[in-house]
Each structure stands twice: as C-alpha cells, then as structure tokens.
>>> print(open('target_5.tsv').read())   # TSV, C-alpha atoms
chain	number	residue	atom	x	y	z
A	161	GLY	CA	-7.42	7.77	-26.42
A	162	ALA	CA	-10.07	5.96	-24.42
A	163	GLN	CA	-8.90	3.36	-21.95
A	164	ALA	CA	-10.42	-0.07	-21.31
A	165	ILE	CA	-10.90	1.00	-17.73
A	166	LEU	CA	-13.33	3.80	-18.67
A	167	GLN	CA	-16.47	4.34	-20.65
A	168	THR	CA	-18.05	7.68	-21.50
A	169	VAL	CA	-21.69	7.94	-20.48
A	170	ARG	CA	-23.59	10.71	-22.27
A	171	ARG	CA	-24.35	13.68	-20.02
A	172	ARG	CA	-23.08	11.75	-17.01
A	173	GLY	CA	-19.33	11.65	-17.44
A	174	LEU	CA	-17.15	8.57	-17.02
A	175	ARG	CA	-17.90	5.09	-15.72
A	176	PHE	CA	-15.46	2.43	-14.47
A	177	ILE	CA	-15.93	-0.65	-16.71
A	178	ALA	CA	-12.76	-2.71	-16.19
A	179	GLU	CA	-13.29	-6.31	-15.21
A	180	VAL	CA	-12.68	-6.86	-11.50
A	181	THR	CA	-11.32	-10.21	-10.37
A	182	GLU	CA	-10.34	-11.38	-6.93
A	183	VAL	CA	-6.63	-12.10	-6.52
A	184	GLU	CA	-4.94	-14.12	-3.84
A	185	ASP	CA	-1.43	-12.76	-4.34
A	186	ARG	CA	-0.36	-9.21	-3.70
A	187	PRO	CA	1.09	-7.34	-6.66
A	188	ASP	CA	4.87	-7.31	-6.53
A	189	LEU	CA	5.60	-3.67	-5.80
A	190	SER	CA	9.34	-4.32	-6.05
A	191	THR	CA	8.89	-4.45	-9.84
A	192	ALA	CA	6.54	-1.49	-10.01
A	193	PRO	CA	7.98	1.81	-11.27
A	194	PHE	CA	9.42	3.97	-8.52
A	195	VAL	CA	8.10	7.51	-8.72
A	196	GLY	CA	7.90	10.47	-6.39
A	197	ARG	CA	9.11	10.45	-2.78
A	198	GLY	CA	11.70	13.07	-3.65
A	199	GLU	CA	11.12	15.07	-0.47
A	200	LEU	CA	11.26	11.98	1.71
A	201	LEU	CA	14.46	10.71	0.09
A	202	GLY	CA	15.95	14.16	0.52
A	203	ASP	CA	15.07	14.19	4.21
A	204	LEU	CA	16.49	10.70	4.68
A	205	ASP	CA	19.64	11.74	2.85
A	206	GLY	CA	19.93	14.64	5.30
A	207	ALA	CA	19.67	12.19	8.20
A	208	LEU	CA	22.30	10.03	6.52
A	209	ARG	CA	24.62	13.03	6.07
A	210	ALA	CA	24.32	13.72	9.78
A	211	ALA	CA	25.12	10.08	10.53
A	212	MET	CA	28.13	10.20	8.22
A	213	GLU	CA	29.39	13.08	10.36
A	214	GLY	CA	29.00	11.04	13.53
A	215	ARG	CA	25.47	12.06	14.49
A	216	GLY	CA	23.61	8.81	14.05
A	217	GLY	CA	20.05	8.13	15.02
A	218	LEU	CA	16.70	6.69	14.08
A	219	ALA	CA	14.29	7.53	11.25
A	220	LEU	CA	10.73	6.18	11.42
A	221	LEU	CA	8.61	5.86	8.25
A	222	SER	CA	4.88	5.42	8.83
A	223	GLY	CA	1.83	5.18	6.65
A	224	GLU	CA	-1.18	3.13	5.69
A	225	PRO	CA	-0.87	-0.38	4.21
A	226	GLY	CA	0.37	-0.34	0.62
A	227	ILE	CA	1.53	3.28	0.70
A	228	GLY	CA	5.09	2.33	-0.27
A	229	LYS	CA	7.07	2.38	2.97
A	230	THR	CA	9.12	-0.70	2.14
A	231	ARG	CA	9.77	0.42	-1.43
A	232	ALA	CA	10.89	3.88	-0.30
A	233	ALA	CA	13.21	2.36	2.31
A	234	GLU	CA	14.69	-0.02	-0.26
A	235	GLN	CA	15.20	2.86	-2.71
A	236	PHE	CA	16.96	4.82	0.02
A	237	ALA	CA	19.19	1.81	0.75
A	238	SER	CA	20.15	1.61	-2.93
A	239	LEU	CA	20.98	5.32	-3.04
A	240	ALA	CA	23.01	5.00	0.17
A	241	ARG	CA	25.04	2.12	-1.28
A	242	GLU	CA	25.87	4.28	-4.31
A	243	GLN	CA	27.54	6.66	-1.86
A	244	GLY	CA	29.70	3.92	-0.36
A	245	VAL	CA	27.43	3.36	2.64
A	246	VAL	CA	26.85	-0.15	3.97
A	247	ALA	CA	23.11	-0.92	4.04
A	248	HIS	CA	21.40	-4.00	5.48
A	249	ILE	CA	17.69	-4.84	5.67
A	250	GLY	CA	15.97	-6.87	8.38
A	251	ARG	CA	12.31	-7.81	7.92
A	252	CYS	CA	9.96	-8.50	10.82
A	253	ARG	CA	7.86	-11.63	10.72
A	254	GLU	CA	4.73	-12.65	12.59
A	255	ALA	CA	5.20	-16.30	11.67
A	256	GLU	CA	5.03	-18.74	14.53
A	257	GLY	CA	8.47	-19.80	15.69
A	258	ALA	CA	10.28	-16.63	14.57
A	259	PRO	CA	13.08	-16.06	17.11
A	260	ALA	CA	13.35	-13.02	19.33
A	261	PHE	CA	15.28	-10.04	17.93
A	262	TRP	CA	14.69	-11.45	14.43
A	263	PRO	CA	15.20	-8.22	12.37
A	264	TRP	CA	18.33	-7.43	14.38
A	265	VAL	CA	19.61	-10.97	13.84
A	266	GLN	CA	19.14	-10.54	10.08
A	267	VAL	CA	21.23	-7.37	9.86
A	268	LEU	CA	23.93	-8.85	12.09
A	269	ARG	CA	23.99	-11.96	9.92
A	270	ALA	CA	24.16	-9.87	6.72
A	271	HIS	CA	27.16	-7.95	8.03
A	272	ALA	CA	28.87	-11.17	9.11
A	273	GLU	CA	28.37	-12.67	5.65
A	274	ALA	CA	29.83	-9.57	3.99
A	275	ASN	CA	33.04	-9.54	6.05
A	276	PRO	CA	35.84	-12.00	6.83
A	277	PRO	CA	35.55	-13.88	10.16
A	278	SER	CA	38.60	-12.06	11.55
A	279	ARG	CA	36.90	-8.70	11.05
A	280	ILE	CA	33.67	-9.89	12.66
A	281	TRP	CA	35.62	-11.16	15.65
A	282	GLN	CA	37.10	-7.68	16.07
A	283	LEU	CA	33.64	-6.11	15.88
A	284	LEU	CA	32.19	-8.53	18.42
A	285	GLY	CA	34.90	-7.75	20.98
A	286	SER	CA	34.02	-8.62	24.56
A	287	GLY	CA	30.33	-8.85	23.61
A	288	ALA	CA	30.83	-11.91	21.42
A	289	ARG	CA	29.24	-14.41	23.79
A	290	ASP	CA	26.31	-12.11	24.49
A	291	ILE	CA	25.50	-11.64	20.81
A	292	ALA	CA	25.96	-15.36	20.22
A	293	GLN	CA	22.88	-15.94	22.38
A	294	ILE	CA	20.62	-14.53	19.66
A	295	ALA	CA	22.80	-15.18	16.59
A	296	PRO	CA	24.97	-18.25	17.27
A	297	GLU	CA	25.92	-18.56	13.60
A	298	ILE	CA	27.70	-15.21	13.66
A	299	HIS	CA	30.81	-16.97	15.00
A	300	PRO	CA	31.14	-20.78	14.90
A	301	ASP	CA	33.55	-20.84	17.86
A	302	LEU	CA	30.71	-19.70	20.11
A	303	SER	CA	28.12	-22.21	18.95
A	304	ASP	CA	28.31	-24.12	22.25
A	305	SER	CA	27.61	-21.05	24.38
A	306	VAL	CA	25.06	-21.51	27.14
A	307	PRO	CA	21.99	-19.32	26.39
A	308	LEU	CA	21.50	-16.36	28.68
A	309	PRO	CA	18.09	-15.13	29.92
A	310	VAL	CA	18.29	-12.10	27.60
A	311	LEU	CA	14.51	-11.80	27.25
A	312	GLU	CA	14.06	-10.82	30.89
A	313	PRO	CA	15.03	-7.38	32.30
A	314	GLY	CA	18.37	-7.46	34.05
A	315	PRO	CA	22.14	-7.50	33.53
A	316	ALA	CA	22.07	-10.18	30.80
A	317	ARG	CA	19.73	-8.19	28.57
A	318	PHE	CA	21.62	-4.96	29.21
A	319	ARG	CA	24.89	-6.67	28.23
A	320	LEU	CA	23.29	-7.91	25.04
A	321	PHE	CA	21.91	-4.48	24.10
A	322	ASP	CA	25.27	-2.86	24.86
A	323	ALA	CA	27.12	-5.52	22.85
A	324	ILE	CA	24.92	-4.94	19.80
A	325	ALA	CA	25.33	-1.16	20.03
A	326	ARG	CA	29.10	-1.47	20.33
A	327	PHE	CA	29.19	-3.89	17.39
A	328	TRP	CA	27.61	-1.30	15.10
A	329	GLN	CA	29.68	1.53	16.57
A	330	ARG	CA	32.87	-0.34	15.67
A	331	ALA	CA	31.51	-1.37	12.27
A	332	SER	CA	30.69	2.24	11.36
A	333	GLU	CA	34.30	3.30	11.93
A	334	GLU	CA	35.16	1.61	8.64
A	335	ALA	CA	32.14	2.88	6.66
A	336	PRO	CA	28.81	4.59	7.45
A	337	ILE	CA	25.96	2.14	7.98
A	338	VAL	CA	22.22	2.15	7.30
A	339	LEU	CA	20.12	-0.50	9.05
A	340	ILE	CA	16.57	-0.85	7.77
A	341	LEU	CA	14.04	-2.64	10.00
A	342	ASP	CA	10.98	-3.26	7.85
A	343	ASP	CA	7.42	-3.77	9.16
A	344	LEU	CA	8.10	-2.94	12.80
A	345	HIS	CA	4.40	-3.35	13.59
A	346	ARG	CA	5.10	-7.09	13.26
A	347	ALA	CA	8.22	-7.05	15.44
A	348	ASP	CA	8.53	-9.01	18.67
A	349	ASP	CA	8.69	-7.10	21.96
A	350	PRO	CA	12.47	-7.58	22.48
A	351	SER	CA	13.18	-6.05	19.05
A	352	TRP	CA	11.12	-3.01	20.03
A	353	LEU	CA	12.89	-2.68	23.38
A	354	LEU	CA	16.25	-2.60	21.65
A	355	LEU	CA	15.26	0.36	19.46
A	356	PRO	CA	15.51	3.22	22.00
A	357	PHE	CA	18.72	1.79	23.43
A	358	ILE	CA	20.30	1.69	19.98
A	359	ALA	CA	18.93	5.12	19.03
A	360	GLN	CA	20.58	6.73	22.04
A	361	GLU	CA	23.82	4.75	22.07
A	362	LEU	CA	24.49	5.40	18.39
A	363	GLY	CA	24.13	9.15	18.73
A	364	LYS	CA	27.85	9.59	18.17
A	365	ALA	CA	28.27	6.77	15.65
A	366	ARG	CA	27.99	6.77	11.86
A	367	VAL	CA	24.83	4.64	11.89
A	368	LEU	CA	21.31	5.47	10.75
A	369	VAL	CA	18.53	3.04	11.68
A	370	VAL	CA	15.42	3.31	9.49
A	371	GLY	CA	12.23	1.64	10.71
A	372	THR	CA	8.98	1.28	8.76
A	373	TYR	CA	5.60	0.55	10.28
A	374	ARG	CA	1.86	0.73	9.71
A	375	GLU	CA	0.59	3.38	12.09
A	376	VAL	CA	-2.92	1.91	12.14
A	377	GLU	CA	-1.53	-1.35	13.54
A	378	LEU	CA	0.33	0.36	16.36
A	379	HIS	CA	-2.57	2.63	17.24
A	380	ARG	CA	-4.62	-0.49	17.93
A	381	ASP	CA	-2.01	-1.60	20.46
A	382	ARG	CA	-2.11	0.87	23.36
A	383	ASP	CA	1.18	-0.27	24.89
A	384	ARG	CA	3.14	-0.13	21.68
A	385	GLY	CA	1.50	3.13	20.70
A	386	ALA	CA	2.70	4.68	23.96
A	387	PHE	CA	6.14	3.18	23.44
A	388	LEU	CA	6.25	4.65	19.94
A	389	GLY	CA	5.37	8.06	21.32
A	390	GLU	CA	8.29	7.89	23.74
A	391	LEU	CA	10.57	6.74	20.94
A	392	ALA	CA	9.48	9.62	18.69
A	393	ARG	CA	10.36	12.14	21.40
A	394	LEU	CA	14.02	11.12	21.51
A	395	ALA	CA	16.33	13.81	20.19
A	396	SER	CA	17.94	11.27	17.84
A	397	THR	CA	14.61	10.26	16.22
A	398	ARG	CA	13.11	11.70	13.06
A	399	CYS	CA	9.57	10.78	11.98
A	400	PHE	CA	8.16	10.78	8.45
A	401	LYS	CA	4.65	9.94	7.26
A	402	LEU	CA	4.08	8.78	3.70
A	403	GLU	CA	1.02	10.09	1.88
A	404	GLY	CA	-0.62	9.00	-1.36
A	405	PHE	CA	0.71	10.01	-4.78
A	406	SER	CA	-0.31	13.30	-6.34
A	407	ARG	CA	-2.12	13.25	-9.69
A	408	GLU	CA	1.14	13.98	-11.49
A	409	GLU	CA	2.83	11.07	-9.72
A	410	ILE	CA	-0.13	8.83	-10.57
A	411	ARG	CA	0.17	9.86	-14.21
A	412	ARG	CA	3.88	9.04	-14.18
A	413	PHE	CA	3.28	5.70	-12.42
A	414	ALA	CA	0.64	4.67	-14.96
A	415	GLU	CA	2.72	5.90	-17.88
A	416	LEU	CA	5.69	3.79	-16.84
A	417	LYS	CA	3.49	0.80	-16.09
A	418	ILE	CA	1.63	0.68	-19.43
A	419	ALA	CA	4.22	2.44	-21.64
A	420	ALA	CA	1.60	4.97	-22.76
A	421	ARG	CA	0.40	8.33	-21.52
A	422	PRO	CA	-2.95	8.04	-19.69
A	423	SER	CA	-5.60	10.65	-20.28
A	424	ALA	CA	-6.45	13.27	-17.67
A	425	GLU	CA	-9.78	11.53	-17.12
A	426	THR	CA	-8.03	8.24	-16.40
A	427	VAL	CA	-5.62	9.91	-13.99
A	428	ASN	CA	-8.50	11.52	-12.13
A	429	LEU	CA	-10.31	8.20	-11.86
A	430	LEU	CA	-7.18	6.40	-10.68
A	431	HIS	CA	-6.74	9.09	-8.06
A	432	GLU	CA	-10.35	8.73	-6.93
A	433	LEU	CA	-10.23	4.93	-6.77
A	434	SER	CA	-6.78	4.52	-5.22
A	435	GLY	CA	-6.30	7.65	-3.15
A	436	GLY	CA	-2.77	7.66	-4.56
A	437	ASN	CA	-1.96	4.38	-2.78
A	438	PRO	CA	0.71	2.55	-4.87
A	439	PHE	CA	-0.66	-0.88	-3.92
A	440	PHE	CA	-4.09	-0.08	-5.35
A	441	LEU	CA	-2.52	1.62	-8.36
A	442	ALA	CA	-0.59	-1.56	-9.09
A	443	LEU	CA	-3.89	-3.46	-9.05
A	444	LEU	CA	-5.69	-0.95	-11.26
A	445	THR	CA	-3.12	-0.09	-13.94
A	446	PRO	CA	-3.06	-3.55	-15.62
A	447	SER	CA	-6.68	-2.79	-16.64
A	448	LEU	CA	-5.49	0.14	-18.75
A	449	ASP	CA	-5.30	-0.69	-22.43
A	450	PRO	CA	-2.62	1.40	-24.20
A	451	ARG	CA	-3.93	0.31	-27.61
A	452	ARG	CA	-7.26	2.13	-27.23
>>> encode(input="target_5.tsv", output="structure tokens")
Amino acid sequence: GAQAILQTVRRRGLRFIAEVTEVEDRPDLSTAPFVGRGELLGDLDGALRAAMEGRGGLALLSGEPGIGKTRAAEQFASLAREQGVVAHIGRCREAEGAPAFWPWVQVLRAHAEANPPSRIWQLLGSGARDIAQIAPEIHPDLSDSVPLPVLEPGPARFRLFDAIARFWQRASEEAPIVLILDDLHRADDPSWLLLPFIAQELGKARVLVVGTYREVELHRDRDRGAFLGELARLASTRCFKLEGFSREEIRRFAELKIAARPSAETVNLLHELSGGNPFFLALLTPSLDPRR
C-alpha cells in the first residue's frame, strides 16, 4: 500500500512528503537490523581462518560516514566469538585528555579483566614494566613504575611496541584473538605508529587486527594518508571498502525496521535519498507507515 513517506502526483510520479525534523542525536545503529555484508564477512572470516592457522595480520575497513563500518566489525566480532575466538574492541576518541595509545589500552584492559591476574602476569613477561607505562591498571604491582618517554622515537618506544606484540603473541597461544580498533581516523599518532609494527610482528601469531576508518578523513590529512598507503602495502594487510546497500538490501532493512514489506516505489525512493547508506536509512525508515 501507499506509505506516509510518498504521495502519487498525477502524470509526474512520486513525491517525498514525510515530515522532516532536525535531530540532535544520531540514530542508534546498534539496534538497527543487520542486513547484507555477506561478502565482507566472508572475506573477514577467511582472514580469521588464516590467523587461526598462525598467519595473523591486519584488515582495514574503510568507507564513508554512516556506511556501517562499526556495525560490520561488531557483527564480525560476534561471529568470531561463536567460533571460540577471543574478540576485544577498542574505540578511538578525539576527546581532549584521551591518553596516548587509547584503543590499544582498551583491548589490553579488556583482556586483563577477562583473565586471572596470574595469567596476565605470564602474558606480560619481561615487558610488564613497559606496558605499565600506558596501562598501569593492568597489574597493580607496577602502579608505582616511573613513566618512560615512550612517545618519542628510541629504545623506550621500541621496547613498548615489542612488549605489546609479545603480549598478544602469548595470548593467542591459548585461543585465536581478534582485536578491533574502531574509528582509526580519530586515533592519536602513537596508536597509528603501533599498527605497522603489530601487523608485521604478528605475522606468525593467531591474531587478526581489524581497523575501521573514514577514508575521507584520512585523505584530508596528507601525512596520515601516506602512512595508510604504506600500511596497505604490507603483505599482512588486507583492505576492504564498504559500499551502500543494494535495493534488495534496502528492502530487507526497511522490512525489518517497520515489520511490513515496502513497495518497490518506496525502495527506489529510499535508494535515491540514502544512496544505500545505513545511517540515512535509519533516519528515513521511521517515516514509513506500515498501516497505509
């Protein structure tokens, strides 16, 4: 039937008539129906299979704002956990005062919280005091450690990078690991610098690092864009670009959202207005009226 979003205009076709209101909050895509992305999830599963066989590496997910990078990464993490894989998520923040290495600190902290202190001590090994410089809470006995100048190039930073890589190498001996670093375009410089080191050092470990980023943000930053290009050329790196939903995926998204099958005309209009972008679809679909 007709939808409240559309009106038929004689000899002209369809017209968008839904009320448009300005909203301050983003729609919560975590509650939106998950559709599509089968090929991407299959490719990521292939990268995970390689990691499970001891050929770890880095997978980079790019795309425009709202295209569903975070949701796809979270879905992949859920599927990985169903296979007995350990999966942690670190989210980058641009907020003032966010510490260096913040996404890496989050995944280290998550693993520490999920394991007994004795196990974490084993994983830290000789790198315990180095890691304590960025995550002092990971082991209380090291809370009085004197901070090292890990943000400057030199032996201290190399020891820290090596300690983090070895931590995850040891951790993956017990179970394969997926580390998701979300919104890398917001990451601090030290977090970026750690990426290629980790990607190369974990080549023989059962660890897959998945990073998401907005390509438009990095293309505006010449230095980071160049750095990303070098990162993408590593043998252990796989790159994936998310595109908008197809019309069939839009139909399925809308159908799940409103619990009714949208007409072909509505699907075409949603495709035209949103470009298949899930963020815009989440804004538009509440205007659909399944009763009409």
>>> atom_distance(input="target_5.tsv", atom1="atom CA of Ala365 of chain A", atom2="atom CA of Ala325 of chain A")
9.5 Å
>>> axis_aligned_box(input="target_5.tsv", around="segment 421-428 of chain A", padding_each_side="8 Å", output="AutoDock Vina command-line options")
--center_x -4.7 --center_y 10.7 --center_z -16.8 --size_x 26.2 --size_y 21.2 --size_z 25.4
>>> closest_residue(input="target_5.tsv", among="A:Arg382, A:Arg374, A:Arg269, A:Lys364", to="Ile249 of chain A", atoms="all atoms listed in the file")
A:Arg269
>>> closest_residue(input="target_5.tsv", among="A:His379, A:Arg346, A:Arg231, A:His299", to="Ala258 of chain A", atoms="all atoms listed in the file")
A:Arg346
>>> closest_residue(input="target_5.tsv", among="A:Ala274, A:Ile298, A:Leu284, A:Leu201", to="Phe236 of chain A", atoms="all atoms listed in the file")
A:Leu201
>>> closest_residue(input="target_5.tsv", among="A:Arg398, A:Arg384, A:Arg317, A:Arg197", to="Ala347 of chain A", atoms="only C-alpha atoms")
A:Arg384
>>> closest_residue(input="target_5.tsv", among="A:Met212, A:Gly287, A:Gly223, A:Pro356", to="Asn437 of chain A", atoms="all atoms listed in the file")
A:Gly223
>>> residues_around(input="target_5.tsv", residues="Asp342 of chain A", least_positions_apart="5", cutoff="10 Å", atoms="only C-alpha atoms", output="PyMOL selection string")
chain A and resi 221+229-230+233-234+249-253+263+347+370-373
>>> write_last_selection(input="target_5.tsv", atoms="C-alpha atoms", output="PDB file, keeping the file's coordinate frame")
ATOM      1  CA  LEU A 221       8.610   5.860   8.250  1.00  0.00           C
ATOM      2  CA  LYS A 229       7.070   2.380   2.970  1.00  0.00           C
ATOM      3  CA  THR A 230       9.120  -0.700   2.140  1.00  0.00           C
ATOM      4  CA  ALA A 233      13.210   2.360   2.310  1.00  0.00           C
ATOM      5  CA  GLU A 234      14.690  -0.020  -0.260  1.00  0.00           C
ATOM      6  CA  ILE A 249      17.690  -4.840   5.670  1.00  0.00           C
ATOM      7  CA  GLY A 250      15.970  -6.870   8.380  1.00  0.00           C
ATOM      8  CA  ARG A 251      12.310  -7.810   7.920  1.00  0.00           C
ATOM      9  CA  CYS A 252       9.960  -8.500  10.820  1.00  0.00           C
ATOM     10  CA  ARG A 253       7.860 -11.630  10.720  1.00  0.00           C
ATOM     11  CA  PRO A 263      15.200  -8.220  12.370  1.00  0.00           C
ATOM     12  CA  ALA A 347       8.220  -7.050  15.440  1.00  0.00           C
ATOM     13  CA  VAL A 370      15.420   3.310   9.490  1.00  0.00           C
ATOM     14  CA  GLY A 371      12.230   1.640  10.710  1.00  0.00           C
ATOM     15  CA  THR A 372       8.980   1.280   8.760  1.00  0.00           C
ATOM     16  CA  TYR A 373       5.600   0.550  10.280  1.00  0.00           C
TER      17      TYR A 373
END
>>> residues_around(input="target_5.tsv", residues="Arg241 of chain A", least_positions_apart="3", cutoff="12 Å", atoms="all atoms listed in the file", output="PDB file with C-alpha atoms, in the frame of the given file")
ATOM      1  CA  ASP A 205      19.640  11.740   2.850  1.00  0.00           C
ATOM      2  CA  LEU A 208      22.300  10.030   6.520  1.00  0.00           C
ATOM      3  CA  GLU A 234      14.690  -0.020  -0.260  1.00  0.00           C
ATOM      4  CA  GLN A 235      15.200   2.860  -2.710  1.00  0.00           C
ATOM      5  CA  PHE A 236      16.960   4.820   0.020  1.00  0.00           C
ATOM      6  CA  ALA A 237      19.190   1.810   0.750  1.00  0.00           C
ATOM      7  CA  SER A 238      20.150   1.610  -2.930  1.00  0.00           C
ATOM      8  CA  GLY A 244      29.700   3.920  -0.360  1.00  0.00           C
ATOM      9  CA  VAL A 245      27.430   3.360   2.640  1.00  0.00           C
ATOM     10  CA  VAL A 246      26.850  -0.150   3.970  1.00  0.00           C
ATOM     11  CA  ALA A 247      23.110  -0.920   4.040  1.00  0.00           C
ATOM     12  CA  HIS A 248      21.400  -4.000   5.480  1.00  0.00           C
ATOM     13  CA  ALA A 335      32.140   2.880   6.660  1.00  0.00           C
ATOM     14  CA  PRO A 336      28.810   4.590   7.450  1.00  0.00           C
ATOM     15  CA  ILE A 337      25.960   2.140   7.980  1.00  0.00           C
ATOM     16  CA  VAL A 338      22.220   2.150   7.300  1.00  0.00           C
ATOM     17  CA  LEU A 339      20.120  -0.500   9.050  1.00  0.00           C
TER      18      LEU A 339
END
>>> atom_distance(input="target_5.tsv", atom1="atom CA of Glu409 of chain A", atom2="atom CA of Val427 of chain A")
9.5 Å
>>> closest_residue(input="target_5.tsv", among="A:Phe405, A:Phe194, A:Phe318, A:Trp328", to="Lys417 of chain A", atoms="all atoms listed in the file")
A:Phe194
>>> atom_distance(input="target_5.tsv", atom1="atom CA of Phe439 of chain A", atom2="atom CA of Leu355 of chain A")
28.3 Å
